[in-house]
Amino acid sequence: MRMSRYFLPVLKETPREAQIVSHRLMLQAGLIKQASAGIYSWLPMGYKVLERLSRIVHEEQARAGHLAMLMPTIQSADLWRESGRYDAYGDEMLRIKDRGGREMLFTPTAEELVTDIFRSHVSSYKDLPLTLYQIQWKFRDETRPRFGVMRGREFLMKDGYNFDLTAEDALHSYNRHLVTYLRTYERMGLQAIPMRADSGPIGGEDTHEFLVLAETGESEVFYDSEITDLTFGDRDIDFDDKAACAAVLAEFTSRYARTDETHDEAVFAEVPEARRRTARGIEVGQIFYFGTKYSDAMGATVQGPDGKPTAVHMGSHGIGVSRLLGAIIEAHHDGKGIIWPEGVTPFHAGIVNLRQGDAETDAACEDLYAQLRKAGLDPLYDDRDERAGAKFGTMDLIGLPWRITVGPRGLKSGVVELTSRRTGESVEVSPADAVARLVAVYDGI
Ligand code: 5CA
């Protein structure tokens with residue numbers, strides 16, 4: 001992409017409404033624009049990152065054998081009456097009437113609708129296990145929408161639902177989700193710690209929230225510092241292997257890590273004092289096991305091996321995809337702007353032309369731009385007729401992990417400058433070498 005043709009409405013001034021750094025940077029870097037309280041338009045670069053996050057989620061769900069689908073945002077109130085949640089959800093639910101006076105709502109989550117699909121089409125235990133998921137917009141009329149996309153009213157969520165014959169199988173689904181989530185967040189450059197939590201309006205007893213530690217997080221958390229040493233890495237887990245998934249769950253949840261809702265001072269006191277931490281965290285996901293709560297209420301049964309109808313065991317599993325943008329920026333920024341992790345960056349590298357209009361420099365930039373694209377990379381070429389300082393400022397603000405600076409002086413000795421946004425370190429290399437190095441960096445990402 002050429003900057004001259006891109007739509008990147010960078011703000012010169014610090015937006016006053018932003019209380020936290022990620023919200024400020026998202027507005028300043030032209031990623032989002034507020035439409036009304038807690039509701040945002042996603043401008044091209046913000047949308048590009050949102051799409052990258054969605055792609056990572058899809059890839060990791062596919063690895064575990066979960067099936068992507070799409071359910072409507074507007075749903076009939078009748079289904080929600082069956083589960084009893086039409087009344088229970090209260091003011092957080094946006095209620096709508098269609099022209100025929102029928103009561104509808106904008107979905108805050110989709111347990112009811114997915115259970116209805118299940119009961120209509122699945123009748124035998126032989127069709128289990130089944131996990132269906134979607135990435136779809138949700139609406140919750142939060143009392144205090146704030147911090148930009150962190151606590152929005154309209155937000156993008158991955159929501160997945162498992163259907164199993166027995167509690168034991170459903171527990172395996174729970175564990176499988178925990179494994180996929182660990183990998184998903186790490187690919188996004190985040191350490192998200194599973195913590196024992198409270199299930200709220202979704203219901204059920206077993207639930208973990210995934211929290212990214214950050215001073216601006218809305219949740220207070222308590223944990224054993226040993227947990228931050230754990231990484232999932234590129235382990236190759238067989239998702240059908242119950243013992244292997246259970247072992248990962250045990251490894252990542254056996255140390256003390258709880259949100260304030262489930263915190264227990266007496267149990268926490270058993271952790272050696274030097275390892276006890278109290279901090280704040282951003283909840284980027286949550287997994288639930290709620291047994292037969294919805295299948296009982298809505299008659300979602302299958303014929304079991306003994307021929308008798310049996311209610312299916314269910315769980316649901318969410319990732320706050322739009323909130324993740326905020327969480328990633330909270331975890332990866334400096335005084336100059338965003339620092340995207342390579343796995344989620346909107347463009348792989350920026351090209352800065354120091355002397356726009358100089359035939360030789362322009363030609364070198366064009367060639368570099370073409371070579372990077374030929375190598376399968378997606379560069380952003382700042383071809384505007386602007387001062388070098390302004391171009392650097394924009395690149396630092398938008399946070400592409402790599403910058404290639406091209407100027408007449410370097411070109412005389414056949415080099416360009418390759419700079420890491422994270423470390424600020426630069427190397428002078430030939431244009432071909434710069435391309436080769438970037439190909440190597442992004443190999444496998
Ligand atoms: N049905 C379950 C799982 S699919 C569910 O709705 N879970 S949830 O309520 O925990 O939401 C899942 C994730 O969505 C949360 O972990 C959080 O990351 C994100 N989320 C929830 N509310 C908001 C909000 N108001 N703004 C942005 N993200 C949100």
# chains A, B, ... in the order shown; residues from 1 in each chain; ligands from 1
call {"tool": "residues_near_ligand", "arguments": {"ligand": "ligand 1", "cutoff": "6 Å", "atoms": "only C-alpha atoms and all ligand atoms", "output": "ChimeraX atom specification"}}
result
/A:109,149-153,155,157,159-160,283-286,316-320,323
call {"tool": "write_last_selection", "arguments": {"atoms": "C-alpha atoms", "output": "short mmCIF file (atom, residue, chain, number, x, y, z; two decimals), in the first residue's frame"}}
result
data_model
loop_
_atom_site.label_atom_id
_atom_site.label_comp_id
_atom_site.auth_asym_id
_atom_site.auth_seq_id
_atom_site.Cartn_x
_atom_site.Cartn_y
_atom_site.Cartn_z
CA THR A 109 -24.12 -13.91 23.36
CA VAL A 149 -12.81 -0.78 22.45
CA MET A 150 -11.92 -2.25 25.86
CA ARG A 151 -15.42 -1.88 27.22
CA GLY A 152 -17.57 -1.15 24.23
CA ARG A 153 -21.29 -1.57 23.82
CA PHE A 155 -17.92 -5.42 20.23
CA MET A 157 -16.51 -11.64 20.01
CA ASP A 159 -18.10 -17.35 20.81
CA GLY A 160 -17.88 -21.11 20.70
CA GLU A 283 -10.00 -9.99 30.54
CA VAL A 284 -9.48 -11.09 26.95
CA GLY A 285 -11.44 -14.34 27.10
CA GLN A 286 -13.45 -16.72 29.23
CA SER A 316 -19.31 -21.83 25.91
CA HIS A 317 -16.05 -20.10 25.21
CA GLY A 318 -15.45 -16.47 24.32
CA ILE A 319 -12.62 -14.30 23.06
CA GLY A 320 -12.94 -10.51 23.05
CA ARG A 323 -10.96 -5.75 23.04
#
call {"tool": "residues_around", "arguments": {"residues": "Asp396 in chain A", "least_positions_apart": "2", "cutoff": "9 Å", "atoms": "only C-alpha atoms", "output": "list in words"}}
result
Lys336, Gly337, Ile338, Ile339, Lys391, Phe392, Gly393, Thr394, Ile398, Gly399, Leu400 and Arg421 of chain A
call {"tool": "residues_around", "arguments": {"residues": "range 425-437 of chain A", "least_positions_apart": "2", "cutoff": "9 Å", "atoms": "only C-alpha atoms", "output": "list in words"}}
result
Ala364, Asp367, Leu368, Gln371, Leu372, Ala375, Ile404, Gly410, Leu411, Ser413, Gly414, Val415, Val416, Glu417, Leu418, Thr419, Ser420, Arg421, Arg422, Thr423, Val439, Ala440, Val441 and Tyr442 of chain A
call {"tool": "write_last_selection", "arguments": {"atoms": "N, CA and C atoms", "output": "short mmCIF file (atom, residue, chain, number, x, y, z; two decimals), in the first residue's frame"}}
result
data_model
loop_
_atom_site.label_atom_id
_atom_site.label_comp_id
_atom_site.auth_asym_id
_atom_site.auth_seq_id
_atom_site.Cartn_x
_atom_site.Cartn_y
_atom_site.Cartn_z
N ALA A 364 14.57 3.51 -6.19
CA ALA A 364 15.00 2.49 -5.21
C ALA A 364 13.83 2.08 -4.33
N ASP A 367 11.41 -0.09 -6.29
CA ASP A 367 11.95 -1.43 -6.47
C ASP A 367 11.81 -2.25 -5.18
N LEU A 368 12.13 -1.62 -4.06
CA LEU A 368 12.02 -2.29 -2.76
C LEU A 368 10.56 -2.69 -2.49
N GLN A 371 9.76 -5.63 -4.64
CA GLN A 371 10.44 -6.86 -4.18
C GLN A 371 9.77 -7.44 -2.93
N LEU A 372 9.41 -6.56 -2.01
CA LEU A 372 8.76 -7.03 -0.77
C LEU A 372 7.43 -7.70 -1.11
N ALA A 375 7.87 -11.03 -2.57
CA ALA A 375 8.26 -12.02 -1.56
C ALA A 375 7.07 -12.39 -0.66
N ILE A 404 12.13 0.51 6.74
CA ILE A 404 13.28 0.61 5.84
C ILE A 404 13.38 2.06 5.39
N GLY A 410 22.70 6.96 1.55
CA GLY A 410 22.90 5.51 1.67
C GLY A 410 23.00 4.85 0.30
N LEU A 411 22.13 5.29 -0.59
CA LEU A 411 22.09 4.65 -1.92
C LEU A 411 23.43 4.78 -2.64
N SER A 413 26.27 4.35 -1.43
CA SER A 413 27.09 3.17 -1.10
C SER A 413 26.25 1.89 -1.16
N GLY A 414 25.09 1.98 -1.80
CA GLY A 414 24.29 0.78 -2.06
C GLY A 414 23.54 0.23 -0.86
N VAL A 415 23.29 1.09 0.15
CA VAL A 415 22.59 0.56 1.32
C VAL A 415 21.32 1.34 1.68
N VAL A 416 20.46 0.65 2.39
CA VAL A 416 19.30 1.26 3.03
C VAL A 416 19.41 0.93 4.52
N GLU A 417 18.53 1.57 5.32
CA GLU A 417 18.61 1.32 6.76
C GLU A 417 17.40 0.50 7.19
N LEU A 418 17.67 -0.59 7.91
CA LEU A 418 16.58 -1.44 8.41
C LEU A 418 16.52 -1.25 9.92
N THR A 419 15.36 -0.77 10.41
CA THR A 419 15.26 -0.40 11.83
C THR A 419 14.14 -1.18 12.51
N SER A 420 14.46 -1.68 13.71
CA SER A 420 13.46 -2.37 14.52
C SER A 420 12.72 -1.34 15.34
N ARG A 421 11.40 -1.33 15.26
CA ARG A 421 10.59 -0.38 16.03
C ARG A 421 10.75 -0.65 17.53
N ARG A 422 10.88 -1.95 17.88
CA ARG A 422 10.92 -2.30 19.31
C ARG A 422 12.21 -1.86 19.98
N THR A 423 13.36 -2.18 19.33
CA THR A 423 14.65 -1.88 19.97
C THR A 423 15.22 -0.55 19.50
N VAL A 439 11.88 -11.40 5.10
CA VAL A 439 11.28 -12.71 4.77
C VAL A 439 11.57 -13.70 5.89
N ALA A 440 12.81 -13.67 6.39
CA ALA A 440 13.19 -14.60 7.46
C ALA A 440 12.41 -14.30 8.75
N VAL A 441 12.24 -13.02 9.07
CA VAL A 441 11.52 -12.63 10.30
C VAL A 441 10.08 -13.17 10.25
N TYR A 442 9.45 -13.02 9.09
CA TYR A 442 8.03 -13.38 9.00
C TYR A 442 7.78 -14.82 8.59
#
call {"tool": "residues_around", "arguments": {"residues": "Thr216 in chain A", "least_positions_apart": "3", "cutoff": "10 Å", "atoms": "only C-alpha atoms", "output": "VMD selection string"}}
result
chain A and resid 19 to 22 147 213 219 279 to 282 327 330
call {"tool": "write_last_selection", "arguments": {"atoms": "N, CA, C and O atoms", "output": "JSON list (two decimals), in the first residue's frame"}}
result
[["chain", "number", "residue", "atom", "x", "y", "z"],
["A", 19, "GLN", "N", -8.76, 8.06, 28.29],
["A", 19, "GLN", "CA", -8.17, 7.98, 29.63],
["A", 19, "GLN", "C", -7.00, 7.01, 29.69],
["A", 19, "GLN", "O", -6.20, 7.07, 30.60],
["A", 20, "ILE", "N", -6.93, 6.07, 28.76],
["A", 20, "ILE", "CA", -5.84, 5.11, 28.81],
["A", 20, "ILE", "C", -5.09, 5.11, 27.48],
["A", 20, "ILE", "O", -5.62, 5.51, 26.45],
["A", 21, "VAL", "N", -3.84, 4.65, 27.54],
["A", 21, "VAL", "CA", -2.94, 4.83, 26.40],
["A", 21, "VAL", "C", -3.43, 4.12, 25.14],
["A", 21, "VAL", "O", -3.32, 4.65, 24.04],
["A", 22, "SER", "N", -4.00, 2.92, 25.28],
["A", 22, "SER", "CA", -4.42, 2.19, 24.08],
["A", 22, "SER", "C", -5.55, 2.94, 23.36],
["A", 22, "SER", "O", -5.57, 3.02, 22.14],
["A", 147, "PHE", "N", -12.87, 3.39, 27.92],
["A", 147, "PHE", "CA", -11.56, 2.93, 27.46],
["A", 147, "PHE", "C", -11.62, 2.45, 26.00],
["A", 147, "PHE", "O", -10.97, 1.49, 25.63],
["A", 213, "LEU", "N", -1.96, -9.07, 32.03],
["A", 213, "LEU", "CA", -1.61, -8.14, 33.10],
["A", 213, "LEU", "C", -1.35, -6.75, 32.52],
["A", 213, "LEU", "O", -0.63, -6.61, 31.53],
["A", 219, "SER", "N", -9.88, -5.51, 35.99],
["A", 219, "SER", "CA", -10.05, -6.53, 37.02],
["A", 219, "SER", "C", -8.86, -6.53, 37.97],
["A", 219, "SER", "O", -7.71, -6.39, 37.54],
["A", 279, "ALA", "N", -2.30, -7.51, 41.24],
["A", 279, "ALA", "CA", -2.10, -6.65, 40.08],
["A", 279, "ALA", "C", -3.44, -6.40, 39.40],
["A", 279, "ALA", "O", -4.49, -6.75, 39.94],
["A", 280, "ARG", "N", -3.37, -5.78, 38.23],
["A", 280, "ARG", "CA", -4.59, -5.55, 37.47],
["A", 280, "ARG", "C", -4.48, -6.27, 36.13],
["A", 280, "ARG", "O", -3.37, -6.49, 35.63],
["A", 281, "GLY", "N", -5.63, -6.65, 35.58],
["A", 281, "GLY", "CA", -5.59, -7.40, 34.34],
["A", 281, "GLY", "C", -6.75, -7.06, 33.42],
["A", 281, "GLY", "O", -7.79, -6.59, 33.85],
["A", 282, "ILE", "N", -6.52, -7.32, 32.12],
["A", 282, "ILE", "CA", -7.56, -7.12, 31.10],
["A", 282, "ILE", "C", -8.10, -8.50, 30.73],
["A", 282, "ILE", "O", -7.32, -9.37, 30.31],
["A", 327, "ALA", "N", -5.87, -4.44, 24.32],
["A", 327, "ALA", "CA", -4.97, -5.19, 25.22],
["A", 327, "ALA", "C", -3.57, -5.29, 24.62],
["A", 327, "ALA", "O", -2.56, -5.13, 25.32],
["A", 330, "GLU", "N", -1.91, -1.92, 24.98],
["A", 330, "GLU", "CA", -1.50, -1.69, 26.37],
["A", 330, "GLU", "C", -0.19, -2.41, 26.66],
["A", 330, "GLU", "O", 0.67, -1.91, 27.37]]
call {"tool": "residues_around", "arguments": {"residues": "Ala246 in chain A", "least_positions_apart": "2", "cutoff": "9 Å", "atoms": "only C-alpha atoms", "output": "PyMOL selection string"}}
result
chain A and resi 171-172+175-176+241-244+248-251
call {"tool": "write_last_selection", "arguments": {"atoms": "C-alpha atoms", "output": "PDB file, in the first residue's frame"}}
result
ATOM      1  CA  LEU A 171     -14.605 -31.361  30.452  1.00  0.00           C
ATOM      2  CA  HIS A 172     -12.329 -32.451  27.639  1.00  0.00           C
ATOM      3  CA  ASN A 175      -9.588 -28.320  28.359  1.00  0.00           C
ATOM      4  CA  ARG A 176      -9.274 -28.273  24.580  1.00  0.00           C
ATOM      5  CA  ASP A 241      -5.882 -36.806  23.452  1.00  0.00           C
ATOM      6  CA  LYS A 242      -7.797 -36.212  26.669  1.00  0.00           C
ATOM      7  CA  ALA A 243      -4.804 -36.802  28.928  1.00  0.00           C
ATOM      8  CA  ALA A 244      -2.573 -34.409  26.974  1.00  0.00           C
ATOM      9  CA  VAL A 248      -1.886 -28.608  29.916  1.00  0.00           C
ATOM     10  CA  LEU A 249      -4.857 -27.448  32.001  1.00  0.00           C
ATOM     11  CA  ALA A 250      -3.208 -28.781  35.148  1.00  0.00           C
ATOM     12  CA  GLU A 251       0.083 -27.102  34.285  1.00  0.00           C
TER      13      GLU A 251
END
call {"tool": "residues_around", "arguments": {"residues": "Lys97 in chain A", "least_positions_apart": "5", "cutoff": "10 Å", "atoms": "only C-alpha atoms", "output": "PDB file with all heavy atoms, in the first residue's frame"}}
result
ATOM      1  N   SER A  76     -34.842 -13.489  17.938  1.00  0.00           N
ATOM      2  CA  SER A  76     -36.187 -13.402  18.487  1.00  0.00           C
ATOM      3  C   SER A  76     -36.169 -13.581  20.009  1.00  0.00           C
ATOM      4  O   SER A  76     -35.451 -14.429  20.543  1.00  0.00           O
ATOM      5  CB  SER A  76     -37.042 -14.499  17.852  1.00  0.00           C
ATOM      6  OG  SER A  76     -38.127 -14.791  18.705  1.00  0.00           O
ATOM      7  N   ALA A  77     -37.003 -12.785  20.697  1.00  0.00           N
ATOM      8  CA  ALA A  77     -37.066 -12.868  22.161  1.00  0.00           C
ATOM      9  C   ALA A  77     -37.584 -14.230  22.629  1.00  0.00           C
ATOM     10  O   ALA A  77     -37.251 -14.679  23.726  1.00  0.00           O
ATOM     11  CB  ALA A  77     -37.971 -11.757  22.688  1.00  0.00           C
ATOM     12  N   ARG A 102     -43.226  -7.668  16.881  1.00  0.00           N
ATOM     13  CA  ARG A 102     -42.552  -8.832  17.479  1.00  0.00           C
ATOM     14  C   ARG A 102     -41.309  -8.394  18.230  1.00  0.00           C
ATOM     15  O   ARG A 102     -40.552  -7.539  17.744  1.00  0.00           O
ATOM     16  CB  ARG A 102     -42.161  -9.833  16.394  1.00  0.00           C
ATOM     17  CG  ARG A 102     -43.297 -10.762  15.983  1.00  0.00           C
ATOM     18  CD  ARG A 102     -42.867 -11.643  14.835  1.00  0.00           C
ATOM     19  NE  ARG A 102     -42.699 -10.843  13.626  1.00  0.00           N
ATOM     20  CZ  ARG A 102     -43.656 -10.651  12.707  1.00  0.00           C
ATOM     21  NH1 ARG A 102     -44.841 -11.207  12.856  1.00  0.00           N
ATOM     22  NH2 ARG A 102     -43.424  -9.906  11.645  1.00  0.00           N
ATOM     23  N   GLU A 103     -41.105  -9.017  19.399  1.00  0.00           N
ATOM     24  CA  GLU A 103     -39.961  -8.627  20.216  1.00  0.00           C
ATOM     25  C   GLU A 103     -38.697  -9.321  19.720  1.00  0.00           C
ATOM     26  O   GLU A 103     -38.661 -10.541  19.571  1.00  0.00           O
ATOM     27  CB  GLU A 103     -40.231  -8.959  21.673  1.00  0.00           C
ATOM     28  CG  GLU A 103     -41.276  -8.040  22.268  1.00  0.00           C
ATOM     29  CD  GLU A 103     -41.660  -8.467  23.660  1.00  0.00           C
ATOM     30  OE1 GLU A 103     -42.308  -9.528  23.776  1.00  0.00           O
ATOM     31  OE2 GLU A 103     -41.290  -7.754  24.611  1.00  0.00           O
ATOM     32  N   MET A 104     -37.689  -8.500  19.479  1.00  0.00           N
ATOM     33  CA  MET A 104     -36.399  -8.983  18.999  1.00  0.00           C
ATOM     34  C   MET A 104     -35.328  -8.418  19.934  1.00  0.00           C
ATOM     35  O   MET A 104     -35.599  -7.595  20.801  1.00  0.00           O
ATOM     36  CB  MET A 104     -36.122  -8.467  17.579  1.00  0.00           C
ATOM     37  CG  MET A 104     -37.282  -8.570  16.595  1.00  0.00           C
ATOM     38  SD  MET A 104     -37.615 -10.250  16.071  1.00  0.00           S
ATOM     39  CE  MET A 104     -36.283 -10.513  14.926  1.00  0.00           C
ATOM     40  N   LEU A 105     -34.094  -8.845  19.727  1.00  0.00           N
ATOM     41  CA  LEU A 105     -33.003  -8.282  20.519  1.00  0.00           C
ATOM     42  C   LEU A 105     -31.715  -8.374  19.720  1.00  0.00           C
ATOM     43  O   LEU A 105     -31.622  -9.158  18.774  1.00  0.00           O
ATOM     44  CB  LEU A 105     -32.869  -9.044  21.837  1.00  0.00           C
ATOM     45  CG  LEU A 105     -32.653 -10.561  21.736  1.00  0.00           C
ATOM     46  CD1 LEU A 105     -31.178 -10.912  21.785  1.00  0.00           C
ATOM     47  CD2 LEU A 105     -33.402 -11.257  22.862  1.00  0.00           C
TER      48      LEU A 105
END
call {"tool": "closest_residue", "arguments": {"among": "A:Lys293, A:Lys33, A:Arg24, A:Arg16", "to": "Tyr47 in chain A", "atoms": "only C-alpha atoms"}}
result
A:Lys33
call {"tool": "atom_distance", "arguments": {"atom1": "CA of Leu230 in chain A", "atom2": "CA of Arg275 in chain A"}}
result
14.3 Å
call {"tool": "closest_residue", "arguments": {"among": "A:Leu79, A:Leu190, A:Val312, A:Ala257", "to": "Val271 in chain A", "atoms": "only C-alpha atoms"}}
result
A:Ala257
call {"tool": "residues_around", "arguments": {"residues": "Arg52 in chain A", "least_positions_apart": "3", "cutoff": "8 Å", "atoms": "only C-alpha atoms", "output": "ChimeraX atom specification"}}
result
/A:48-49,55-56,344-346
call {"tool": "closest_residue", "arguments": {"among": "A:Tyr181, A:Trp80, A:Phe222, A:Phe210", "to": "Glu60 in chain A", "atoms": "only C-alpha atoms"}}
result
A:Tyr181
